[in-house]
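Report on one structure; see the data block that follows.
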Amino acid sequence: MGCPGETALELLSDPVRHRGETLGVVRREMLIDFARNAAFRRTLLVRADTAAQTGFQSPVRLREDGLTSLRVASRLTSRGDTDAQGLESFAGPSGTVQANRPLATALHALGEVTPRSMPLEDLRHQLRGDTDALAGELKDLWLASLGIDLHAREPEIASTVSSSPLACPVARWQAAHGGPITNRWHQEVVLAEPVSRAVLARLDGHTSHLELAALVRASTPDLDRSAASVVDSLLQAILDLLARSALLVR
């Protein structure tokens, strides 16, 4: 499936966009590939007879009203600074983005429920804003950055750490056997420290905090073993990181 920012016609230059609007869906996607110098096509196309049977028509531009039934999640965090034009800076996976006050307020609301998502309608009611305007701004930000995610449903995700943390079984297996780690949103999570992977692999819902603290001590030989508070603080920081990364289900 193509990434939105790599397949959206509206993000290209005016000459390319105008040319693409006159083409059919296949030739339009070929033009986007050419303009972006894409190595291969990653968009999932459907059979012509299937499209005809369902009456599907490929839109030239993505419409905001398609977002109204979806859930929105944000991986953007405020940098705490606002410029002279009132634009607030947010850091995300693809760099820094700026948002005006209505959109920035929405991003703060989404940040409060991270790593979980929020239905767009709930977000609108919370902000008492216009649905179409908010959907349009979120759609543009979704296209332009990797910090906004749209979902049809939300899997079971724990946003806080419980007394008996339970991590996603797939992520536990990946942490124990090496390689990339995938969270509940099917996103890759990078855990730079081996001790974080070791803790994740043990979060089966039955391992106690004392056992996890012992694991942290054994995995960090340079840590002051006599300082129990240091071990506890490091363990809590690891668990908080795993929760924020959508890796915990309880």
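Residues in the structure tokens are named by chain (A, B, ... in the order shown) and by number from 1 within that chain; ligands are numbered from 1 in the order shown.
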
So which residues touch stretch 135-151 of chain A within 6 Å, counting only C-alpha atoms, skipping near sequence neighbours fewer than 5 positions away, as a list in words? Pro4, Gly5, Glu64, Leu70, Arg71, Val72, Ala73, Ser74, Arg75, Leu76, Gly92, Pro93 and Ser94 of chain A

Only N, CA and C atoms, please: the residues just picked out, written as a PDB file, in the first residue's frame.
ATOM      1  N   PRO A   4       0.742   7.786   2.044  1.00  0.00           N
ATOM      2  CA  PRO A   4      -0.055   8.927   1.570  1.00  0.00           C
ATOM      3  C   PRO A   4       0.793  10.051   1.006  1.00  0.00           C
ATOM      4  N   GLY A   5       1.865  10.391   1.718  1.00  0.00           N
ATOM      5  CA  GLY A   5       2.707  11.485   1.269  1.00  0.00           C
ATOM      6  C   GLY A   5       3.447  11.209  -0.016  1.00  0.00           C
ATOM      7  N   GLU A  64     -11.843  15.516   2.611  1.00  0.00           N
ATOM      8  CA  GLU A  64     -11.809  15.576   4.077  1.00  0.00           C
ATOM      9  C   GLU A  64     -12.944  14.793   4.722  1.00  0.00           C
ATOM     10  N   LEU A  70     -13.311   8.120  10.999  1.00  0.00           N
ATOM     11  CA  LEU A  70     -12.044   7.499  11.387  1.00  0.00           C
ATOM     12  C   LEU A  70     -11.573   8.005  12.746  1.00  0.00           C
ATOM     13  N   ARG A  71     -10.588   7.296  13.273  1.00  0.00           N
ATOM     14  CA  ARG A  71      -9.926   7.686  14.517  1.00  0.00           C
ATOM     15  C   ARG A  71      -8.583   8.315  14.167  1.00  0.00           C
ATOM     16  N   VAL A  72      -8.142   9.254  14.993  1.00  0.00           N
ATOM     17  CA  VAL A  72      -6.905   9.980  14.741  1.00  0.00           C
ATOM     18  C   VAL A  72      -5.944   9.731  15.903  1.00  0.00           C
ATOM     19  N   ALA A  73      -4.699   9.444  15.561  1.00  0.00           N
ATOM     20  CA  ALA A  73      -3.646   9.293  16.570  1.00  0.00           C
ATOM     21  C   ALA A  73      -2.481  10.187  16.172  1.00  0.00           C
ATOM     22  N   SER A  74      -1.773  10.693  17.161  1.00  0.00           N
ATOM     23  CA  SER A  74      -0.668  11.610  16.891  1.00  0.00           C
ATOM     24  C   SER A  74       0.621  11.100  17.517  1.00  0.00           C
ATOM     25  N   ARG A  75       1.705  11.237  16.744  1.00  0.00           N
ATOM     26  CA  ARG A  75       3.037  10.956  17.265  1.00  0.00           C
ATOM     27  C   ARG A  75       3.867  12.240  17.333  1.00  0.00           C
ATOM     28  N   LEU A  76       3.165  13.363  17.387  1.00  0.00           N
ATOM     29  CA  LEU A  76       3.808  14.674  17.449  1.00  0.00           C
ATOM     30  C   LEU A  76       3.821  15.174  18.889  1.00  0.00           C
ATOM     31  N   GLY A  92       8.232  15.339  15.332  1.00  0.00           N
ATOM     32  CA  GLY A  92       7.656  14.061  14.939  1.00  0.00           C
ATOM     33  C   GLY A  92       8.659  13.186  14.242  1.00  0.00           C
ATOM     34  N   PRO A  93       8.241  12.012  13.768  1.00  0.00           N
ATOM     35  CA  PRO A  93       9.146  11.060  13.124  1.00  0.00           C
ATOM     36  C   PRO A  93       9.851  11.608  11.891  1.00  0.00           C
ATOM     37  N   SER A  94       9.197  12.537  11.171  1.00  0.00           N
ATOM     38  CA  SER A  94       9.802  13.064   9.949  1.00  0.00           C
ATOM     39  C   SER A  94      10.369  14.465  10.126  1.00  0.00           C
TER      40      SER A  94
END

Which is closest to A:Ala237 among A:Ala175, A:Ile181, A:Val161, A:Val97, if we use only C-alpha atoms? A:Val161

Helix (DSSP H, G or I) per DSSP on the backbone: members of stretch 81-243 of chain A, as a ChimeraX atom specification: /A:101-113,120-127,131-144,169-177,194-201,209-219,228-243

Using Å and a single decimal, report how far atom CA of A:Asp33 sits from atom CA of A:Ala51.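 According to the coordinates, atom CA of A:Ala51 and atom CA of A:Asp33 are separated by 22.1 Å.
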
Show which residues sit within 12 Å of A:Gln85, as a list of chain:residue names. Count only C-alpha atoms, and ignore same-chain residues fewer than 5 positions away. A:Gln98, A:Ala99, A:Asn100, A:Arg101

Using only C-alpha atoms, pick whichever of A:His186, A:Arg244, A:His209, A:His177 has the shortest atom-to-atom distance to A:Thr114.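 Among A:His186, A:Arg244, A:His209, A:His177, it is A:Arg244 that comes nearest to A:Thr114.
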
Looking at A:Leu11, A:Gly111, A:Arg27, A:Ala91, which one is nearest to A:Leu62, with distances taken over only C-alpha atoms?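 Answer, going by the shortest atom-to-atom distance: A:Leu11.
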
Which of stretch 118-227 of chain A fall in strand (DSSP E), as a list in words: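 Everything in stretch 118-227 of chain A that counts as strand (DSSP E) is Met118, Pro119, Ile148, Asp149, Leu150, His151, Ile181, Thr182, Glu188 and Val189 of chain A.
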
Using N, CA and C atoms, can you write the selected residues to a file as a short mmCIF file (atom, residue, chain, number, x, y, z; two decimals), in the first residue's frame?
data_model
loop_
_atom_site.label_atom_id
_atom_site.label_comp_id
_atom_site.auth_asym_id
_atom_site.auth_seq_id
_atom_site.Cartn_x
_atom_site.Cartn_y
_atom_site.Cartn_z
N MET A 118 -8.24 8.84 18.94
CA MET A 118 -9.49 9.49 19.31
C MET A 118 -10.36 9.63 18.06
N PRO A 119 -11.64 9.29 18.13
CA PRO A 119 -12.51 9.54 16.98
C PRO A 119 -12.52 11.02 16.62
N ILE A 148 0.88 11.96 12.03
CA ILE A 148 -0.55 11.74 12.20
C ILE A 148 -0.91 10.40 11.55
N ASP A 149 -1.69 9.59 12.28
CA ASP A 149 -2.13 8.30 11.77
C ASP A 149 -3.65 8.24 11.82
N LEU A 150 -4.24 7.64 10.80
CA LEU A 150 -5.69 7.47 10.73
C LEU A 150 -6.01 6.00 10.83
N HIS A 151 -7.01 5.66 11.64
CA HIS A 151 -7.36 4.26 11.89
C HIS A 151 -8.87 4.08 11.84
N ILE A 181 10.96 -4.52 16.05
CA ILE A 181 9.86 -4.70 17.00
C ILE A 181 8.65 -3.94 16.47
N THR A 182 7.50 -4.59 16.47
CA THR A 182 6.27 -4.01 15.94
C THR A 182 5.28 -3.78 17.08
N GLU A 188 6.93 0.12 13.41
CA GLU A 188 8.21 -0.35 13.95
C GLU A 188 8.66 0.58 15.07
N VAL A 189 9.09 -0.02 16.16
CA VAL A 189 9.58 0.72 17.33
C VAL A 189 11.06 0.39 17.52
#

Close residues, A:Ala35 itself excluded, 10 Å, only C-alpha atoms, min 5 positions apart in chain, as a list in words: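 The neighbour list is Leu12, Ser13, Val16, Glu29 and Met30 of chain A.
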
Have a look at A:Val25, A:Leu212, A:Val195, A:Ala227 and name the one nearest to A:Phe56; count only C-alpha atoms.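 Using only C-alpha atoms, A:Phe56 sits closest to A:Val25.
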